[in-house]
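Quick look at target_34.txt (compact mmCIF, C-alpha atoms):
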# COMPACT_ATOMS: atom_id res chain seq x y z
CA MET D 1 20.39 4.29 10.43
CA ARG D 2 18.77 6.11 7.50
CA THR D 3 17.10 2.92 6.26
CA MET D 4 15.74 2.16 9.74
CA ARG D 5 14.39 5.71 10.05
CA ASN D 6 12.62 5.47 6.70
CA GLN D 7 11.11 2.11 7.66
CA LEU D 8 9.81 3.61 10.90
CA ALA D 9 8.32 6.53 9.00
CA THR D 10 6.52 4.26 6.56
CA THR D 11 5.30 2.05 9.40
CA ALA D 12 3.90 5.11 11.19
CA LEU D 13 1.91 6.07 8.12
CA LEU D 14 0.49 2.57 7.69
CA ILE D 15 -0.31 2.13 11.39
CA ALA D 16 -2.25 5.37 11.24
CA ALA D 17 -3.98 4.18 8.09
CA THR D 18 -5.06 0.96 9.81
CA GLY D 19 -6.54 3.01 12.63
CA VAL D 20 -8.55 5.09 10.19
CA LEU D 21 -9.97 1.99 8.52
CA CYS D 22 -11.01 0.44 11.82
CA ALA D 23 -12.63 3.60 13.20
CA SER D 24 -16.43 3.44 13.47
CA PRO D 25 -18.26 6.69 12.65
CA ALA D 26 -21.76 6.51 14.06
CA SER D 27 -23.16 8.18 10.94
CA ALA D 28 -21.62 5.75 8.42
CA ALA D 29 -23.94 4.93 5.50
CA PRO D 30 -25.03 1.36 4.75
CA VAL D 31 -22.72 -0.72 2.60
CA GLY D 32 -24.06 -0.75 -0.95
CA ASP D 33 -22.92 -2.77 -3.94
CA GLN D 34 -20.26 -0.24 -4.96
CA ASP D 35 -18.67 -0.14 -1.50
CA ALA D 36 -18.85 -3.91 -0.93
CA SER D 37 -17.34 -4.57 -4.34
CA PHE D 38 -14.46 -2.22 -3.61
CA VAL D 39 -13.71 -3.93 -0.28
CA ARG D 40 -13.71 -7.39 -1.88
CA THR D 41 -11.68 -6.34 -4.91
CA GLY D 42 -9.26 -4.33 -2.80
CA HIS D 43 -8.61 -7.37 -0.62
CA ARG D 44 -7.94 -9.50 -3.68
CA VAL D 45 -5.57 -6.84 -5.03
CA ASP D 46 -3.69 -6.85 -1.71
CA LEU D 47 -3.38 -10.64 -1.80
CA ALA D 48 -2.15 -10.52 -5.41
CA GLU D 49 0.45 -7.85 -4.65
CA ILE D 50 1.72 -9.68 -1.57
CA ALA D 51 2.12 -12.85 -3.66
CA ALA D 52 3.85 -10.92 -6.47
CA GLY D 53 6.16 -9.18 -4.02
CA GLU D 54 7.14 -12.43 -2.34
CA ASP D 55 7.80 -13.98 -5.73
CA ALA D 56 10.02 -11.07 -6.78
CA ARG D 57 12.06 -11.32 -3.59
CA LYS D 58 12.75 -14.93 -4.48
CA ASN D 59 13.07 -14.93 -8.27
CA ALA D 60 14.11 -11.46 -9.48
CA THR D 61 17.63 -11.05 -10.81
CA THR D 62 18.20 -7.41 -9.80
CA ALA D 63 18.42 -5.81 -6.36
CA CYS D 64 16.04 -3.05 -7.49
CA VAL D 65 13.18 -5.42 -8.31
CA LYS D 66 13.80 -7.44 -5.15
CA ALA D 67 13.58 -4.22 -3.08
CA VAL D 68 10.35 -3.14 -4.76
CA GLY D 69 8.92 -6.62 -4.16
CA ALA D 70 9.76 -6.34 -0.47
CA ALA D 71 8.05 -2.94 -0.32
CA LEU D 72 4.89 -4.38 -1.88
CA VAL D 73 4.78 -7.18 0.68
CA ARG D 74 5.27 -4.77 3.57
CA ASP D 75 2.76 -2.13 2.47
CA HIS D 76 0.00 -4.38 1.15
CA THR D 77 0.17 -6.57 4.23
CA GLN D 78 -0.43 -3.53 6.42
CA LEU D 79 -3.15 -2.08 4.18
CA ASP D 80 -4.92 -5.43 3.99
CA ALA D 81 -4.94 -5.79 7.76
CA GLY D 82 -7.01 -2.63 7.97
CA LEU D 83 -9.24 -3.66 5.08
CA VAL D 84 -9.94 -7.08 6.58
CA GLY D 85 -10.90 -5.45 9.87
CA LEU D 86 -13.20 -3.04 8.07
CA ALA D 87 -14.85 -5.87 6.11
CA LYS D 88 -15.49 -7.78 9.32
CA GLU D 89 -17.02 -4.73 10.96
CA LEU D 90 -19.26 -4.00 7.98
CA GLY D 91 -20.24 -7.64 7.41
CA VAL D 92 -18.69 -7.90 3.93
CA PRO D 93 -17.53 -11.47 3.15
CA LEU D 94 -14.08 -11.64 1.58
CA PRO D 95 -12.53 -14.07 -0.92
CA ASP D 96 -9.55 -16.06 0.30
CA SER D 97 -7.31 -15.74 -2.78
CA PRO D 98 -6.28 -13.32 -5.53
CA ALA D 99 -8.43 -13.07 -8.64
CA PRO D 100 -7.88 -15.98 -11.10
CA GLU D 101 -6.55 -13.55 -13.72
CA ASP D 102 -3.90 -12.25 -11.30
CA ARG D 103 -2.89 -15.80 -10.37
CA ARG D 104 -2.47 -16.70 -14.05
CA LYS D 105 -0.39 -13.60 -14.71
CA LEU D 106 1.92 -14.37 -11.81
CA GLU D 107 2.35 -17.95 -13.00
CA ALA D 108 3.33 -16.66 -16.46
CA VAL D 109 5.90 -14.32 -14.92
CA ARG D 110 7.20 -17.05 -12.61
CA ALA D 111 7.91 -19.25 -15.63
CA LYS D 112 10.75 -16.81 -16.43
CA ALA D 113 12.24 -17.05 -12.90
CA GLY D 114 15.95 -16.44 -12.57
CA THR D 115 16.35 -14.70 -15.94
CA PRO D 116 16.36 -11.00 -16.92
CA ALA D 117 13.08 -11.67 -18.71
CA TYR D 118 11.48 -12.29 -15.30
CA ASP D 119 12.28 -8.77 -14.10
CA THR D 120 10.99 -7.23 -17.33
CA ALA D 121 7.73 -9.19 -17.21
CA TRP D 122 7.25 -8.59 -13.48
CA LEU D 123 7.70 -4.83 -13.81
CA ALA D 124 5.33 -4.59 -16.79
CA ASP D 125 2.68 -6.57 -14.90
CA GLN D 126 3.05 -4.41 -11.80
CA ALA D 127 2.84 -1.18 -13.78
CA ALA D 128 -0.40 -2.33 -15.41
CA GLY D 129 -1.81 -3.72 -12.18
CA HIS D 130 -1.17 -0.59 -10.13
CA THR D 131 -2.66 1.57 -12.89
CA ARG D 132 -5.84 -0.50 -12.70
CA ALA D 133 -5.80 -0.34 -8.91
CA LEU D 134 -5.63 3.46 -8.97
CA ALA D 135 -8.62 3.58 -11.32
CA LEU D 136 -10.55 1.30 -8.94
CA ILE D 137 -9.66 3.54 -5.99
CA ASP D 138 -10.63 6.72 -7.81
CA GLU D 139 -13.99 5.22 -8.75
CA GLU D 140 -14.70 4.40 -5.10
CA ILE D 141 -13.67 7.89 -3.97
CA ALA D 142 -16.00 9.41 -6.56
CA ARG D 143 -18.96 7.03 -6.24
CA GLY D 144 -18.76 5.39 -2.82
CA ASP D 145 -21.49 6.02 -0.24
CA ASN D 146 -20.06 4.48 2.93
CA ALA D 147 -17.76 6.95 4.69
CA GLN D 148 -15.47 4.24 6.07
CA VAL D 149 -14.99 2.54 2.71
CA VAL D 150 -14.31 5.84 0.97
CA ALA D 151 -11.78 6.60 3.72
CA ALA D 152 -10.14 3.23 3.02
CA ALA D 153 -9.83 4.19 -0.64
CA ARG D 154 -8.28 7.54 0.27
CA VAL D 155 -5.82 5.83 2.61
CA ALA D 156 -4.78 3.31 -0.05
CA ARG D 157 -4.40 5.80 -2.90
CA PRO D 158 -1.07 7.43 -1.94
CA VAL D 159 0.47 4.03 -1.20
CA ILE D 160 -0.60 2.60 -4.56
CA ALA D 161 0.56 5.77 -6.32
CA MET D 162 3.94 5.39 -4.64
CA HIS D 163 4.16 1.77 -5.83
CA LEU D 164 3.25 2.80 -9.37
CA ASP D 165 6.02 5.37 -9.31
CA MET D 166 8.46 2.58 -8.46
CA VAL D 167 7.55 0.58 -11.59
CA ARG D 168 6.18 3.23 -13.94
CA GLY D 169 6.69 2.42 -17.60
CA GLY D 170 7.77 -1.11 -16.75
CA THR D 171 11.09 0.21 -15.43
CA CYS D 172 12.40 -0.26 -11.90
CA HIS D 173 12.88 3.18 -10.33
CA GLY D 174 13.75 1.90 -6.86
CA VAL D 175 11.94 2.16 -3.56
CA ALA D 176 10.55 5.61 -2.81
CA GLU D 177 11.30 6.19 0.87
CA PRO D 178 9.68 8.98 2.87
CA LYS D 179 11.99 11.91 3.56
CA THR D 180 9.81 13.60 6.15
CA ILE D 181 6.80 12.79 8.28
CA ASP D 182 4.91 15.53 10.01
CA ALA D 183 2.00 15.25 12.45
CA GLY D 184 -0.18 18.21 13.33
CA SER D 185 -3.84 19.17 13.71
CA GLY D 186 -4.84 15.50 13.71
CA ARG D 187 -3.17 14.75 10.37
CA LEU D 188 -0.26 12.60 9.30
CA ALA D 189 1.61 13.41 6.11
CA ALA D 190 4.48 11.70 4.38
CA VAL D 191 6.57 12.96 1.49
CA ALA D 192 8.66 10.66 -0.70
CA ASP D 193 11.23 12.23 -3.00
CA ASP D 194 10.91 15.85 -4.05
CA HIS D 195 8.21 15.11 -6.64
CA LEU D 196 6.06 12.47 -4.92
CA VAL D 197 3.54 13.20 -2.20
CA LEU D 198 2.41 10.03 -0.49
CA GLY D 199 -0.65 11.75 0.91
CA THR D 200 -2.29 13.12 4.01
CA VAL D 201 -4.33 10.76 6.18
CA ALA D 202 -6.91 12.13 8.59
CA LEU D 203 -6.65 10.37 11.93
CA THR D 204 -9.58 9.55 14.19
CA GLY D 205 -9.26 8.48 17.80
CA GLY D 206 -6.72 9.61 20.36
CA ALA D 207 -5.13 6.16 20.62
CA VAL D 208 -4.29 6.08 16.92
CA LEU D 209 -2.80 9.57 16.97
CA ALA D 210 -0.81 8.80 20.09
CA GLY D 211 0.54 5.59 18.58
CA ALA D 212 1.55 7.33 15.37
CA GLY D 213 3.10 10.14 17.39
CA LEU D 214 5.28 7.66 19.27
CA TRP D 215 6.64 6.25 16.02
CA LEU D 216 7.25 9.76 14.74
CA LEU D 217 9.12 10.68 17.91
CA VAL D 218 11.41 7.67 17.50
CA ALA D 219 12.01 8.51 13.84
CA ARG D 220 12.82 12.13 14.61
CA ARG D 221 15.21 11.20 17.41
CA ARG D 222 17.02 8.87 15.01
CA ASN D 223 17.11 11.68 12.48
CA ASN D 224 18.70 14.03 15.01
CA ALA D 225 21.20 11.35 15.98
CA ASP D 226 22.31 11.03 12.35
CA ARG D 227 23.08 14.73 12.03
Starting from the file, give its structure as structure tokens.
Amino acid sequence: MRTMRNQLATTALLIAATGVLCASPASAAPVGDQDASFVRTGHRVDLAEIAAGEDARKNATTACVKAVGAALVRDHTQLDAGLVGLAKELGVPLPDSPAPEDRRKLEAVRAKAGTPAYDTAWLADQAAGHTRALALIDEEIARGDNAQVVAAARVARPVIAMHLDMVRGGTCHGVAEPKTIDAGSGRLAAVADDHLVLGTVALTGGAVLAGAGLWLLVARRRNNADR
């Protein structure tokens, strides 16, 4: 029951995030080179992380790495759905595969499949990759002009930070599951572990807030049933 509740909580956060990305502020700025580059690169990062997560579920030797791989697939699939919708709305063409460098790195890790060396290499690659992804996100937040693209960066940041915490230092720390989700004043917040704040996502549109609220209601009822 606890695992199901945590999955519902995470899903609520990502559903709300998708709604934010697909919202259409009338005053949104044109899409410049910085914003378009972030959308394209972010999509490629999502594709790379989904591929890496699927590979870990298949080839890792430890339950911890397999669980982190599954979390990457789940979260990056949801984030990318919102990003693809945003790119379509803004007219930004997207690549259809991860960056060549990321494909080569995954192939090198996959060559160690089924051995402890696979887990070590996979974790090191993910720690480095998520560090780079955070830097990319922070650059967009600081320099982006388009409000929707900057919002996409802000939505992605707590998720990527959570993933980095799972693999920080090239060590598997397990899946950080949200303990609480609270909705109020048009905001959705999730907290994972006592030291990790996943972030606060501003919601736009009554339908998105209502949908997230429904998931939260289910999660809270399950929480009460467990007590």
Would you be able to write out as a short mmCIF file (atom, residue, chain, number, x, y, z; two decimals) with C-alpha atoms, in the coordinates of the input which residues have an atom within 12 Å of (-23.3, -0.2, 0.0) in the file's coordinates, counting all atoms listed in the file?
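Result went into result-v7.cif, see below:
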data_model
loop_
_atom_site.label_atom_id
_atom_site.label_comp_id
_atom_site.auth_asym_id
_atom_site.auth_seq_id
_atom_site.Cartn_x
_atom_site.Cartn_y
_atom_site.Cartn_z
CA ALA D 28 -21.62 5.75 8.42
CA ALA D 29 -23.94 4.93 5.50
CA PRO D 30 -25.03 1.36 4.75
CA VAL D 31 -22.72 -0.72 2.60
CA GLY D 32 -24.06 -0.75 -0.95
CA ASP D 33 -22.92 -2.77 -3.94
CA GLN D 34 -20.26 -0.24 -4.96
CA ASP D 35 -18.67 -0.14 -1.50
CA ALA D 36 -18.85 -3.91 -0.93
CA SER D 37 -17.34 -4.57 -4.34
CA PHE D 38 -14.46 -2.22 -3.61
CA VAL D 39 -13.71 -3.93 -0.28
CA ALA D 87 -14.85 -5.87 6.11
CA LEU D 90 -19.26 -4.00 7.98
CA GLY D 91 -20.24 -7.64 7.41
CA VAL D 92 -18.69 -7.90 3.93
CA GLU D 140 -14.70 4.40 -5.10
CA ARG D 143 -18.96 7.03 -6.24
CA GLY D 144 -18.76 5.39 -2.82
CA ASP D 145 -21.49 6.02 -0.24
CA ASN D 146 -20.06 4.48 2.93
CA ALA D 147 -17.76 6.95 4.69
CA GLN D 148 -15.47 4.24 6.07
CA VAL D 149 -14.99 2.54 2.71
CA VAL D 150 -14.31 5.84 0.97
#
From the options D:Leu94, D:Val159, D:Ala152, D:Ile137, which residue's atoms come nearest to Arg44 in chain D, counting only C-alpha atoms? D:Leu94
In Å to one decimal, how far is CA of Pro98 in chain D from CA of Ala48 in chain D? 5.0 Å
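Of the residues listed (D:Asp119, D:Glu101, D:Asp165, D:Glu89), D:Asp165 shows the shortest atom-to-atom separation from Leu134 in chain D; distances use all atoms listed in the file.
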Leaving out Ala60 in chain D and any residue of its chain fewer than 2 positions from it, which residues lie within 10 Å of it when counting only C-alpha atoms, given as a short mmCIF file (atom, residue, chain, number, x, y, z; two decimals) with C-alpha atoms, in the frame of the given file?
data_model
loop_
_atom_site.label_atom_id
_atom_site.label_comp_id
_atom_site.auth_asym_id
_atom_site.auth_seq_id
_atom_site.Cartn_x
_atom_site.Cartn_y
_atom_site.Cartn_z
CA GLY D 53 6.16 -9.18 -4.02
CA ASP D 55 7.80 -13.98 -5.73
CA ALA D 56 10.02 -11.07 -6.78
CA ARG D 57 12.06 -11.32 -3.59
CA LYS D 58 12.75 -14.93 -4.48
CA THR D 62 18.20 -7.41 -9.80
CA ALA D 63 18.42 -5.81 -6.36
CA CYS D 64 16.04 -3.05 -7.49
CA VAL D 65 13.18 -5.42 -8.31
CA LYS D 66 13.80 -7.44 -5.15
CA ALA D 67 13.58 -4.22 -3.08
CA GLY D 69 8.92 -6.62 -4.16
CA ARG D 110 7.20 -17.05 -12.61
CA LYS D 112 10.75 -16.81 -16.43
CA ALA D 113 12.24 -17.05 -12.90
CA GLY D 114 15.95 -16.44 -12.57
CA THR D 115 16.35 -14.70 -15.94
CA PRO D 116 16.36 -11.00 -16.92
CA ALA D 117 13.08 -11.67 -18.71
CA TYR D 118 11.48 -12.29 -15.30
CA ASP D 119 12.28 -8.77 -14.10
CA THR D 120 10.99 -7.23 -17.33
CA TRP D 122 7.25 -8.59 -13.48
#
List the residues sitting within 6 Å of (-5.6, 5.3, -5.0) in the file's frame, using only C-alpha atoms, as a VMD selection string. chain D and resid 134 137 to 138 156 to 158 160
Considering all atoms listed in the file, can you say which of D:Leu123, D:Ala161, D:Leu86, D:Leu106 comes closest to Leu47 in chain D?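 Residue with the minimum atom-to-atom distance to Leu47 in chain D: D:Leu106.
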Go through D:Ala124, D:Ala153, D:Cys172, D:Met162 and flag the residue nearest Asp75 in chain D, using only C-alpha atoms for the distances.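 Checking each candidate against Asp75 in chain D, we get D:Met162 as the closest.
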Measure the distance from CA of Arg132 in chain D to CA of Lys105 in chain D in Å and round it to one decimal.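 Taking CA of Arg132 in chain D and CA of Lys105 in chain D, their separation equals 14.3 Å.
Remark: for Ala70 in chain D, the closest of the candidate residues D:Ala108, D:His43, D:Val175, D:Leu136 is D:Val175 (distances computed over all atoms listed in the file).
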In Å, rounded to a single decimal, give me how far CA of Asp96 in chain D is from CA of Val167 in chain D.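 Separating CA of Val167 in chain D from CA of Asp96 in chain D is a distance of 26.7 Å.
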Add whatever atoms are absent from range 55-71 of chain D to reach N, CA, C and O atoms, and provide the output as a PDB file, in the frame of the given file.
ATOM      1  N   ASP D  55       7.193 -13.293  -4.607  1.00  0.00           N
ATOM      2  CA  ASP D  55       7.800 -13.980  -5.730  1.00  0.00           C
ATOM      3  C   ASP D  55       9.012 -13.207  -6.256  1.00  0.00           C
ATOM      4  O   ASP D  55      10.037 -13.806  -6.606  1.00  0.00           O
ATOM      5  N   ALA D  56       8.902 -11.890  -6.307  1.00  0.00           N
ATOM      6  CA  ALA D  56      10.020 -11.070  -6.780  1.00  0.00           C
ATOM      7  C   ALA D  56      11.215 -11.162  -5.838  1.00  0.00           C
ATOM      8  O   ALA D  56      12.365 -11.226  -6.287  1.00  0.00           O
ATOM      9  N   ARG D  57      10.950 -11.187  -4.548  1.00  0.00           N
ATOM     10  CA  ARG D  57      12.060 -11.320  -3.590  1.00  0.00           C
ATOM     11  C   ARG D  57      12.828 -12.615  -3.814  1.00  0.00           C
ATOM     12  O   ARG D  57      14.037 -12.680  -3.590  1.00  0.00           O
ATOM     13  N   LYS D  58      12.126 -13.621  -4.280  1.00  0.00           N
ATOM     14  CA  LYS D  58      12.750 -14.930  -4.480  1.00  0.00           C
ATOM     15  C   LYS D  58      13.373 -15.086  -5.857  1.00  0.00           C
ATOM     16  O   LYS D  58      14.466 -15.658  -5.996  1.00  0.00           O
ATOM     17  N   ASN D  59      12.694 -14.581  -6.897  1.00  0.00           N
ATOM     18  CA  ASN D  59      13.070 -14.930  -8.270  1.00  0.00           C
ATOM     19  C   ASN D  59      13.643 -13.805  -9.115  1.00  0.00           C
ATOM     20  O   ASN D  59      14.134 -14.077 -10.224  1.00  0.00           O
ATOM     21  N   ALA D  60      13.574 -12.557  -8.668  1.00  0.00           N
ATOM     22  CA  ALA D  60      14.110 -11.460  -9.480  1.00  0.00           C
ATOM     23  C   ALA D  60      15.631 -11.560  -9.570  1.00  0.00           C
ATOM     24  O   ALA D  60      16.287 -12.135  -8.688  1.00  0.00           O
ATOM     25  N   THR D  61      16.179 -10.984 -10.617  1.00  0.00           N
ATOM     26  CA  THR D  61      17.630 -11.050 -10.810  1.00  0.00           C
ATOM     27  C   THR D  61      18.333  -9.761 -10.418  1.00  0.00           C
ATOM     28  O   THR D  61      19.566  -9.730 -10.360  1.00  0.00           O
ATOM     29  N   THR D  62      17.577  -8.691 -10.162  1.00  0.00           N
ATOM     30  CA  THR D  62      18.200  -7.410  -9.800  1.00  0.00           C
ATOM     31  C   THR D  62      17.798  -7.003  -8.391  1.00  0.00           C
ATOM     32  O   THR D  62      16.685  -7.300  -7.929  1.00  0.00           O
ATOM     33  N   ALA D  63      18.687  -6.289  -7.723  1.00  0.00           N
ATOM     34  CA  ALA D  63      18.420  -5.810  -6.360  1.00  0.00           C
ATOM     35  C   ALA D  63      17.248  -4.832  -6.354  1.00  0.00           C
ATOM     36  O   ALA D  63      16.474  -4.785  -5.393  1.00  0.00           O
ATOM     37  N   CYS D  64      17.110  -4.049  -7.426  1.00  0.00           N
ATOM     38  CA  CYS D  64      16.040  -3.050  -7.490  1.00  0.00           C
ATOM     39  C   CYS D  64      14.670  -3.728  -7.444  1.00  0.00           C
ATOM     40  O   CYS D  64      13.795  -3.345  -6.665  1.00  0.00           O
ATOM     41  N   VAL D  65      14.481  -4.736  -8.274  1.00  0.00           N
ATOM     42  CA  VAL D  65      13.180  -5.420  -8.310  1.00  0.00           C
ATOM     43  C   VAL D  65      12.932  -6.170  -7.001  1.00  0.00           C
ATOM     44  O   VAL D  65      11.810  -6.185  -6.484  1.00  0.00           O
ATOM     45  N   LYS D  66      13.965  -6.761  -6.433  1.00  0.00           N
ATOM     46  CA  LYS D  66      13.800  -7.440  -5.150  1.00  0.00           C
ATOM     47  C   LYS D  66      13.355  -6.447  -4.066  1.00  0.00           C
ATOM     48  O   LYS D  66      12.498  -6.762  -3.227  1.00  0.00           O
ATOM     49  N   ALA D  67      13.933  -5.238  -4.081  1.00  0.00           N
ATOM     50  CA  ALA D  67      13.580  -4.220  -3.080  1.00  0.00           C
ATOM     51  C   ALA D  67      12.150  -3.750  -3.263  1.00  0.00           C
ATOM     52  O   ALA D  67      11.411  -3.558  -2.286  1.00  0.00           O
ATOM     53  N   VAL D  68      11.732  -3.554  -4.505  1.00  0.00           N
ATOM     54  CA  VAL D  68      10.350  -3.140  -4.760  1.00  0.00           C
ATOM     55  C   VAL D  68       9.394  -4.257  -4.321  1.00  0.00           C
ATOM     56  O   VAL D  68       8.346  -4.002  -3.722  1.00  0.00           O
ATOM     57  N   GLY D  69       9.748  -5.507  -4.598  1.00  0.00           N
ATOM     58  CA  GLY D  69       8.920  -6.620  -4.160  1.00  0.00           C
ATOM     59  C   GLY D  69       8.750  -6.634  -2.649  1.00  0.00           C
ATOM     60  O   GLY D  69       7.637  -6.851  -2.138  1.00  0.00           O
ATOM     61  N   ALA D  70       9.833  -6.381  -1.933  1.00  0.00           N
ATOM     62  CA  ALA D  70       9.760  -6.340  -0.470  1.00  0.00           C
ATOM     63  C   ALA D  70       8.848  -5.210   0.002  1.00  0.00           C
ATOM     64  O   ALA D  70       8.088  -5.359   0.972  1.00  0.00           O
ATOM     65  N   ALA D  71       8.908  -4.070  -0.680  1.00  0.00           N
ATOM     66  CA  ALA D  71       8.050  -2.940  -0.320  1.00  0.00           C
ATOM     67  C   ALA D  71       6.580  -3.274  -0.542  1.00  0.00           C
ATOM     68  O   ALA D  71       5.707  -2.900   0.262  1.00  0.00           O
TER      69      ALA D  71
END
